[in-house]
file work.txt (compact mmCIF, N, CA and C atoms)
# COMPACT_ATOMS: atom_id res chain seq x y z
N MET U 1 0.81 -1.18 0.00
CA MET U 1 0.00 0.00 0.00
C MET U 1 0.87 1.26 0.00
N TYR U 2 1.99 1.16 0.72
CA TYR U 2 2.90 2.30 0.82
C TYR U 2 4.28 1.89 0.34
N ARG U 3 4.99 2.86 -0.22
CA ARG U 3 6.41 2.67 -0.53
C ARG U 3 7.17 3.32 0.61
N GLY U 4 7.94 2.51 1.32
CA GLY U 4 8.70 3.03 2.44
C GLY U 4 7.94 2.88 3.75
N CYS U 5 8.61 3.29 4.82
CA CYS U 5 8.02 3.17 6.15
C CYS U 5 8.57 4.26 7.05
N GLY U 6 7.71 4.88 7.79
CA GLY U 6 8.09 5.98 8.66
C GLY U 6 8.48 5.60 10.07
N HIS U 7 8.47 4.31 10.41
CA HIS U 7 8.82 3.93 11.78
C HIS U 7 10.30 4.16 12.09
N GLY U 8 11.18 3.93 11.15
CA GLY U 8 12.60 4.21 11.34
C GLY U 8 13.36 3.21 12.18
N CYS U 9 12.95 1.96 12.20
CA CYS U 9 13.66 0.94 12.97
C CYS U 9 15.05 0.70 12.39
N LYS U 10 16.05 0.74 13.22
CA LYS U 10 17.43 0.55 12.77
C LYS U 10 17.67 -0.83 12.17
N TYR U 11 16.93 -1.82 12.64
CA TYR U 11 17.16 -3.20 12.19
C TYR U 11 16.40 -3.54 10.91
N CYS U 12 15.70 -2.62 10.33
CA CYS U 12 14.86 -2.89 9.16
C CYS U 12 15.71 -3.28 7.94
N TYR U 13 15.31 -4.37 7.30
CA TYR U 13 15.99 -4.88 6.12
C TYR U 13 15.39 -4.36 4.81
N ALA U 14 14.21 -3.77 4.87
CA ALA U 14 13.46 -3.44 3.66
C ALA U 14 14.13 -2.42 2.74
N PRO U 15 14.83 -1.39 3.23
CA PRO U 15 15.44 -0.46 2.28
C PRO U 15 16.34 -1.16 1.27
N GLY U 16 17.10 -2.13 1.72
CA GLY U 16 17.99 -2.87 0.83
C GLY U 16 17.25 -3.69 -0.22
N LEU U 17 16.06 -4.18 0.13
CA LEU U 17 15.27 -4.94 -0.84
C LEU U 17 14.87 -4.10 -2.04
N PHE U 18 14.69 -2.81 -1.80
CA PHE U 18 14.25 -1.90 -2.86
C PHE U 18 15.40 -1.04 -3.39
N TYR U 19 16.62 -1.38 -2.99
CA TYR U 19 17.79 -0.63 -3.43
C TYR U 19 17.64 0.86 -3.15
N GLN U 20 17.15 1.15 -1.94
CA GLN U 20 16.97 2.53 -1.52
C GLN U 20 17.88 2.81 -0.33
N SER U 21 18.24 4.06 -0.21
CA SER U 21 18.96 4.45 1.01
C SER U 21 17.96 4.46 2.15
N ARG U 22 18.47 4.40 3.35
CA ARG U 22 17.60 4.45 4.53
C ARG U 22 16.78 5.75 4.53
N GLU U 23 17.41 6.84 4.15
CA GLU U 23 16.73 8.14 4.14
C GLU U 23 15.55 8.14 3.15
N GLN U 24 15.76 7.54 1.98
CA GLN U 24 14.67 7.44 1.00
C GLN U 24 13.52 6.60 1.54
N PHE U 25 13.86 5.48 2.15
CA PHE U 25 12.85 4.55 2.65
C PHE U 25 12.04 5.17 3.78
N LEU U 26 12.67 6.03 4.58
CA LEU U 26 11.99 6.67 5.70
C LEU U 26 11.04 7.78 5.27
N ASN U 27 10.92 7.99 3.97
CA ASN U 27 10.04 9.01 3.41
C ASN U 27 8.91 8.31 2.67
N PRO U 28 7.96 7.69 3.37
CA PRO U 28 6.95 6.85 2.72
C PRO U 28 5.95 7.66 1.90
N SER U 29 5.37 6.96 0.92
CA SER U 29 4.31 7.56 0.11
C SER U 29 3.34 6.44 -0.31
N PRO U 30 2.10 6.80 -0.62
CA PRO U 30 1.16 5.78 -1.10
C PRO U 30 1.57 5.27 -2.47
N ARG U 31 1.36 4.00 -2.72
CA ARG U 31 1.63 3.45 -4.05
C ARG U 31 0.58 4.01 -5.02
N SER U 32 1.00 4.32 -6.19
CA SER U 32 0.12 4.86 -7.21
C SER U 32 -0.99 3.88 -7.55
N ARG U 33 -2.21 4.33 -7.50
CA ARG U 33 -3.41 3.56 -7.89
C ARG U 33 -3.52 2.21 -7.18
N VAL U 34 -3.01 2.12 -5.97
CA VAL U 34 -2.96 0.84 -5.27
C VAL U 34 -4.36 0.27 -4.99
N LEU U 35 -5.31 1.11 -4.62
CA LEU U 35 -6.65 0.58 -4.34
C LEU U 35 -7.33 0.05 -5.59
N GLU U 36 -7.14 0.73 -6.70
CA GLU U 36 -7.70 0.25 -7.96
C GLU U 36 -7.10 -1.11 -8.34
N GLN U 37 -5.79 -1.25 -8.12
CA GLN U 37 -5.11 -2.50 -8.44
C GLN U 37 -5.58 -3.63 -7.53
N ILE U 38 -5.72 -3.34 -6.25
CA ILE U 38 -6.21 -4.36 -5.31
C ILE U 38 -7.62 -4.79 -5.69
N GLN U 39 -8.47 -3.83 -5.99
CA GLN U 39 -9.84 -4.15 -6.39
C GLN U 39 -9.86 -5.01 -7.66
N LYS U 40 -9.03 -4.68 -8.60
CA LYS U 40 -8.98 -5.41 -9.87
C LYS U 40 -8.52 -6.85 -9.68
N GLU U 41 -7.53 -7.06 -8.82
CA GLU U 41 -6.95 -8.39 -8.65
C GLU U 41 -7.60 -9.23 -7.56
N ALA U 42 -8.41 -8.61 -6.70
CA ALA U 42 -8.98 -9.32 -5.55
C ALA U 42 -9.81 -10.54 -5.95
N GLN U 43 -10.54 -10.44 -7.02
CA GLN U 43 -11.39 -11.56 -7.43
C GLN U 43 -10.57 -12.82 -7.72
N ASN U 44 -9.30 -12.68 -8.05
CA ASN U 44 -8.44 -13.83 -8.34
C ASN U 44 -7.93 -14.52 -7.08
N TYR U 45 -8.17 -13.91 -5.91
CA TYR U 45 -7.63 -14.44 -4.66
C TYR U 45 -8.70 -14.85 -3.66
N SER U 46 -9.91 -14.98 -4.08
CA SER U 46 -10.99 -15.39 -3.19
C SER U 46 -10.62 -16.71 -2.51
N GLY U 47 -10.81 -16.76 -1.19
CA GLY U 47 -10.48 -17.95 -0.42
C GLY U 47 -9.03 -18.04 -0.01
N LYS U 48 -8.21 -17.09 -0.41
CA LYS U 48 -6.78 -17.08 -0.08
C LYS U 48 -6.53 -16.17 1.13
N GLU U 49 -5.27 -16.07 1.52
CA GLU U 49 -4.86 -15.20 2.60
C GLU U 49 -3.87 -14.17 2.07
N ILE U 50 -4.01 -12.94 2.51
CA ILE U 50 -3.09 -11.85 2.14
C ILE U 50 -2.50 -11.29 3.42
N HIS U 51 -1.18 -11.13 3.43
CA HIS U 51 -0.49 -10.58 4.60
C HIS U 51 -0.18 -9.10 4.34
N LEU U 52 -0.55 -8.25 5.26
CA LEU U 52 -0.24 -6.82 5.20
C LEU U 52 0.78 -6.51 6.28
N CYS U 53 1.95 -6.25 6.02
CA CYS U 53 2.77 -6.24 4.84
C CYS U 53 4.18 -6.56 5.28
N PHE U 54 5.00 -7.18 4.44
CA PHE U 54 6.35 -7.58 4.80
C PHE U 54 7.37 -6.45 4.70
N THR U 55 7.13 -5.47 3.87
CA THR U 55 8.16 -4.46 3.61
C THR U 55 7.78 -3.06 4.07
N CYS U 56 6.68 -2.92 4.74
CA CYS U 56 6.32 -1.67 5.40
C CYS U 56 5.32 -2.03 6.49
N ASP U 57 4.84 -1.07 7.20
CA ASP U 57 3.85 -1.33 8.24
C ASP U 57 2.52 -0.75 7.79
N PRO U 58 1.45 -1.55 7.81
CA PRO U 58 0.16 -1.03 7.37
C PRO U 58 -0.37 0.09 8.25
N TYR U 59 0.14 0.20 9.48
CA TYR U 59 -0.30 1.25 10.39
C TYR U 59 0.81 2.22 10.77
N GLN U 60 1.66 2.53 9.81
CA GLN U 60 2.66 3.56 10.04
C GLN U 60 1.96 4.92 10.03
N PRO U 61 2.62 5.97 10.49
CA PRO U 61 1.95 7.28 10.63
C PRO U 61 1.26 7.80 9.36
N ILE U 62 1.81 7.54 8.18
CA ILE U 62 1.21 8.05 6.94
C ILE U 62 -0.21 7.49 6.72
N ASN U 63 -0.49 6.32 7.28
CA ASN U 63 -1.82 5.73 7.11
C ASN U 63 -2.91 6.57 7.78
N ASP U 64 -2.55 7.36 8.79
CA ASP U 64 -3.54 8.24 9.41
C ASP U 64 -4.12 9.23 8.40
N ARG U 65 -3.32 9.58 7.42
CA ARG U 65 -3.76 10.53 6.39
C ARG U 65 -4.53 9.85 5.25
N TYR U 66 -4.03 8.72 4.76
CA TYR U 66 -4.59 8.10 3.56
C TYR U 66 -5.58 6.96 3.83
N LEU U 67 -5.50 6.35 4.99
CA LEU U 67 -6.41 5.26 5.39
C LEU U 67 -6.45 4.10 4.40
N LEU U 68 -5.32 3.84 3.75
CA LEU U 68 -5.28 2.77 2.75
C LEU U 68 -5.47 1.39 3.38
N THR U 69 -5.04 1.24 4.61
CA THR U 69 -5.18 -0.07 5.25
C THR U 69 -6.65 -0.41 5.45
N ARG U 70 -7.42 0.50 5.97
CA ARG U 70 -8.85 0.25 6.19
C ARG U 70 -9.56 -0.03 4.86
N LYS U 71 -9.25 0.74 3.85
CA LYS U 71 -9.87 0.55 2.54
C LYS U 71 -9.47 -0.79 1.94
N THR U 72 -8.22 -1.18 2.15
CA THR U 72 -7.74 -2.47 1.63
C THR U 72 -8.44 -3.62 2.34
N ILE U 73 -8.56 -3.54 3.65
CA ILE U 73 -9.25 -4.59 4.41
C ILE U 73 -10.68 -4.76 3.88
N SER U 74 -11.36 -3.66 3.65
CA SER U 74 -12.74 -3.72 3.14
C SER U 74 -12.81 -4.43 1.79
N ILE U 75 -11.92 -4.08 0.90
CA ILE U 75 -11.90 -4.71 -0.43
C ILE U 75 -11.64 -6.21 -0.30
N LEU U 76 -10.66 -6.57 0.50
CA LEU U 76 -10.30 -7.98 0.64
C LEU U 76 -11.43 -8.78 1.28
N HIS U 77 -12.03 -8.24 2.32
CA HIS U 77 -13.14 -8.95 2.96
C HIS U 77 -14.32 -9.13 2.01
N ARG U 78 -14.63 -8.11 1.23
CA ARG U 78 -15.74 -8.23 0.26
C ARG U 78 -15.47 -9.33 -0.76
N ASN U 79 -14.22 -9.67 -0.97
CA ASN U 79 -13.85 -10.70 -1.93
C ASN U 79 -13.48 -12.01 -1.26
N ASN U 80 -13.89 -12.18 0.01
CA ASN U 80 -13.67 -13.43 0.74
C ASN U 80 -12.18 -13.79 0.84
N ILE U 81 -11.37 -12.78 1.13
CA ILE U 81 -9.93 -12.96 1.28
C ILE U 81 -9.57 -12.69 2.74
N LYS U 82 -8.86 -13.64 3.36
CA LYS U 82 -8.43 -13.48 4.74
C LYS U 82 -7.30 -12.46 4.81
N VAL U 83 -7.40 -11.54 5.74
CA VAL U 83 -6.41 -10.49 5.95
C VAL U 83 -5.58 -10.83 7.18
N GLN U 84 -4.27 -10.92 6.99
CA GLN U 84 -3.35 -11.11 8.10
C GLN U 84 -2.56 -9.81 8.26
N ILE U 85 -2.56 -9.28 9.47
CA ILE U 85 -1.88 -8.01 9.73
C ILE U 85 -0.83 -8.22 10.80
N LEU U 86 0.36 -7.69 10.56
CA LEU U 86 1.41 -7.62 11.56
C LEU U 86 1.88 -6.18 11.59
N THR U 87 1.84 -5.56 12.77
CA THR U 87 2.11 -4.14 12.86
C THR U 87 2.87 -3.76 14.13
N LYS U 88 3.55 -2.64 14.04
CA LYS U 88 4.11 -1.96 15.20
C LYS U 88 3.30 -0.70 15.48
N GLY U 89 2.18 -0.56 14.77
CA GLY U 89 1.39 0.66 14.80
C GLY U 89 0.65 0.95 16.08
N GLY U 90 0.62 0.02 17.01
CA GLY U 90 0.01 0.28 18.31
C GLY U 90 -1.42 0.79 18.22
N GLU U 91 -1.67 1.90 18.88
CA GLU U 91 -3.03 2.45 18.94
C GLU U 91 -3.59 2.83 17.57
N ARG U 92 -2.72 3.13 16.61
CA ARG U 92 -3.22 3.44 15.26
C ARG U 92 -4.05 2.30 14.70
N SER U 93 -3.64 1.08 14.99
CA SER U 93 -4.33 -0.09 14.44
C SER U 93 -5.68 -0.33 15.09
N GLU U 94 -5.88 0.17 16.28
CA GLU U 94 -7.15 -0.03 16.98
C GLU U 94 -8.33 0.56 16.22
N LYS U 95 -8.06 1.54 15.39
CA LYS U 95 -9.14 2.19 14.62
C LYS U 95 -9.84 1.21 13.69
N ASP U 96 -9.17 0.13 13.32
CA ASP U 96 -9.76 -0.83 12.38
C ASP U 96 -10.24 -2.11 13.06
N PHE U 97 -10.18 -2.18 14.37
CA PHE U 97 -10.66 -3.37 15.07
C PHE U 97 -12.13 -3.63 14.78
N ASP U 98 -12.91 -2.57 14.62
CA ASP U 98 -14.33 -2.75 14.31
C ASP U 98 -14.50 -3.48 12.99
N LEU U 99 -13.71 -3.12 12.02
CA LEU U 99 -13.77 -3.73 10.70
C LEU U 99 -13.32 -5.20 10.75
N LEU U 100 -12.25 -5.46 11.46
CA LEU U 100 -11.76 -6.83 11.60
C LEU U 100 -12.77 -7.70 12.34
N ALA U 101 -13.46 -7.13 13.32
CA ALA U 101 -14.44 -7.88 14.11
C ALA U 101 -15.66 -8.29 13.29
N LEU U 102 -15.94 -7.56 12.23
CA LEU U 102 -17.08 -7.90 11.38
C LEU U 102 -16.89 -9.23 10.67
N LYS U 103 -15.65 -9.60 10.41
CA LYS U 103 -15.33 -10.83 9.69
C LYS U 103 -14.22 -11.58 10.44
N PRO U 104 -14.50 -12.09 11.63
CA PRO U 104 -13.44 -12.73 12.42
C PRO U 104 -12.79 -13.92 11.71
N GLY U 105 -13.53 -14.64 10.91
CA GLY U 105 -12.95 -15.76 10.18
C GLY U 105 -12.04 -15.34 9.05
N LEU U 106 -12.12 -14.07 8.68
CA LEU U 106 -11.28 -13.54 7.60
C LEU U 106 -10.25 -12.53 8.11
N SER U 107 -10.02 -12.53 9.43
CA SER U 107 -9.14 -11.52 10.01
C SER U 107 -8.16 -12.15 10.99
N ALA U 108 -6.89 -11.81 10.85
CA ALA U 108 -5.86 -12.20 11.81
C ALA U 108 -5.01 -10.97 12.09
N TYR U 109 -4.70 -10.74 13.35
CA TYR U 109 -3.99 -9.54 13.76
C TYR U 109 -2.87 -9.90 14.71
N GLY U 110 -1.71 -9.30 14.50
CA GLY U 110 -0.59 -9.48 15.42
C GLY U 110 0.16 -8.17 15.57
N ALA U 111 0.73 -7.98 16.75
CA ALA U 111 1.52 -6.78 17.02
C ALA U 111 2.96 -7.18 17.27
N THR U 112 3.88 -6.49 16.64
CA THR U 112 5.30 -6.72 16.85
C THR U 112 5.73 -5.90 18.05
N LEU U 113 6.28 -6.57 19.03
CA LEU U 113 6.81 -5.89 20.21
C LEU U 113 8.32 -5.96 20.15
N THR U 114 8.96 -4.82 20.06
CA THR U 114 10.41 -4.82 19.97
C THR U 114 11.02 -4.41 21.30
N PHE U 115 10.72 -3.25 21.77
CA PHE U 115 11.21 -2.72 23.04
C PHE U 115 10.11 -1.89 23.67
N ILE U 116 10.23 -1.62 24.93
CA ILE U 116 9.22 -0.81 25.62
C ILE U 116 9.28 0.64 25.15
N ALA U 117 10.46 1.19 25.01
CA ALA U 117 10.64 2.60 24.61
C ALA U 117 10.86 2.70 23.11
N ASP U 118 10.16 3.65 22.48
CA ASP U 118 10.32 3.86 21.04
C ASP U 118 11.77 4.12 20.64
N ASP U 119 12.49 4.88 21.44
CA ASP U 119 13.89 5.18 21.11
C ASP U 119 14.73 3.92 21.05
N ASP U 120 14.45 2.95 21.93
CA ASP U 120 15.20 1.70 21.91
C ASP U 120 14.90 0.90 20.65
N SER U 121 13.67 0.97 20.16
CA SER U 121 13.31 0.26 18.93
C SER U 121 14.05 0.79 17.73
N LYS U 122 14.48 2.03 17.81
CA LYS U 122 15.18 2.65 16.69
C LYS U 122 16.69 2.45 16.77
N GLU U 123 17.16 1.77 17.80
CA GLU U 123 18.58 1.47 17.94
C GLU U 123 18.82 0.02 17.60
N SER U 124 19.92 -0.24 16.97
CA SER U 124 20.27 -1.61 16.60
C SER U 124 20.79 -2.35 17.83
N LYS U 125 20.16 -3.45 18.16
CA LYS U 125 20.54 -4.26 19.32
C LYS U 125 20.90 -5.66 18.83
N VAL U 126 22.11 -5.84 18.39
CA VAL U 126 22.54 -7.14 17.87
C VAL U 126 23.46 -7.79 18.88
N ARG U 127 23.13 -9.01 19.28
CA ARG U 127 23.98 -9.76 20.19
C ARG U 127 25.11 -10.41 19.40
N LYS U 128 26.33 -10.21 19.85
CA LYS U 128 27.48 -10.76 19.14
C LYS U 128 27.70 -12.24 19.47
N ASP U 129 27.12 -12.72 20.57
CA ASP U 129 27.37 -14.09 20.99
C ASP U 129 26.40 -15.10 20.38
N LEU U 130 25.54 -14.69 19.50
CA LEU U 130 24.58 -15.62 18.88
C LEU U 130 25.15 -16.26 17.65
call {"tool": "encode", "arguments": {"input": "work.txt", "output": "structure tokens"}}
result
Amino acid sequence: MYRGCGHGCKYCYAPGLFYQSREQFLNPSPRSRVLEQIQKEAQNYSGKEIHLCFTCDPYQPINDRYLLTRKTISILHRNNIKVQILTKGGERSEKDFDLLALKPGLSAYGATLTFIADDDSKESKVRKDL
């Protein structure tokens, strides 16, 4: 739904997947015509599962403006597609709990817990003894 991610986690691997600098990746934007594309392709995935998302967070701060996650969930549910969400978005994601509750058999939700303090999540914590 989005290109890039505004969370800024130091351990994030996604910038390298897209051959972007960290600074570029930290400047997220909505994908062009993403809702139209999802609507067009959704009929081909009825009965399947879709994960939101491996390379960005569906509830990063930019989603407060564009609401692409909520709109995507609606499209997928209308097409009998199970939505799996993994997020660090915290309270931002609570806004869509009502939508997920409407189709519990088509909804899965998980929260990534990294550290208690946001600043710690943005620092690289790699154990050398592993």
call {"tool": "atom_distance", "arguments": {"input": "work.txt", "atom1": "CA of Tyr66 in chain U", "atom2": "CA of Pro28 in chain U"}}
result
11.6 Å
call {"tool": "atom_distance", "arguments": {"input": "work.txt", "atom1": "CA of Ile62 in chain U", "atom2": "CA of Ser21 in chain U"}}
result
19.1 Å
call {"tool": "atom_distance", "arguments": {"input": "work.txt", "atom1": "CA of Val83 in chain U", "atom2": "atom N of Gln20 in chain U"}}
result
27.4 Å
call {"tool": "residues_around", "arguments": {"input": "work.txt", "residues": "Ala108 in chain U", "least_positions_apart": "3", "cutoff": "9 Å", "atoms": "only C-alpha atoms", "output": "tab-separated table (two decimals) with N, CA and C atoms, keeping the file's coordinate frame"}}
result
chain	number	residue	atom	x	y	z
U	82	LYS	N	-8.86	-13.64	3.36
U	82	LYS	CA	-8.43	-13.48	4.74
U	82	LYS	C	-7.30	-12.46	4.81
U	83	VAL	N	-7.40	-11.54	5.74
U	83	VAL	CA	-6.41	-10.49	5.95
U	83	VAL	C	-5.58	-10.83	7.18
U	84	GLN	N	-4.27	-10.92	6.99
U	84	GLN	CA	-3.35	-11.11	8.10
U	84	GLN	C	-2.56	-9.81	8.26
U	85	ILE	N	-2.56	-9.28	9.47
U	85	ILE	CA	-1.88	-8.01	9.73
U	85	ILE	C	-0.83	-8.22	10.80
U	86	LEU	N	0.36	-7.69	10.56
U	86	LEU	CA	1.41	-7.62	11.56
U	86	LEU	C	1.88	-6.18	11.59
U	100	LEU	N	-12.25	-5.46	11.46
U	100	LEU	CA	-11.76	-6.83	11.60
U	100	LEU	C	-12.77	-7.70	12.34
U	104	PRO	N	-14.50	-12.09	11.63
U	104	PRO	CA	-13.44	-12.73	12.42
U	104	PRO	C	-12.79	-13.92	11.71
U	105	GLY	N	-13.53	-14.64	10.91
U	105	GLY	CA	-12.95	-15.76	10.18
U	105	GLY	C	-12.04	-15.34	9.05
call {"tool": "axis_aligned_box", "arguments": {"input": "work.txt", "around": "range 29-39 of chain U", "padding_each_side": "3 Å", "output": "JSON"}}
result
{"center_x": -2.2, "center_y": 1.3, "center_z": -3.8, "size_x": 21.2, "size_y": 18.6, "size_z": 15.4}
call {"tool": "select_by_dssp", "arguments": {"input": "work.txt", "residues": "range 12-118 of chain U", "states": "strand (DSSP E)", "output": "ChimeraX atom specification"}}
result
/U:29-30,49-52,82-87,107-111
call {"tool": "residues_near_point", "arguments": {"input": "work.txt", "point": "(-6.4, -4.7, 2.8)", "cutoff": "8 Å", "atoms": "all atoms listed in the file", "output": "ChimeraX atom specification"}}
result
/U:50-52,68-77,83-84
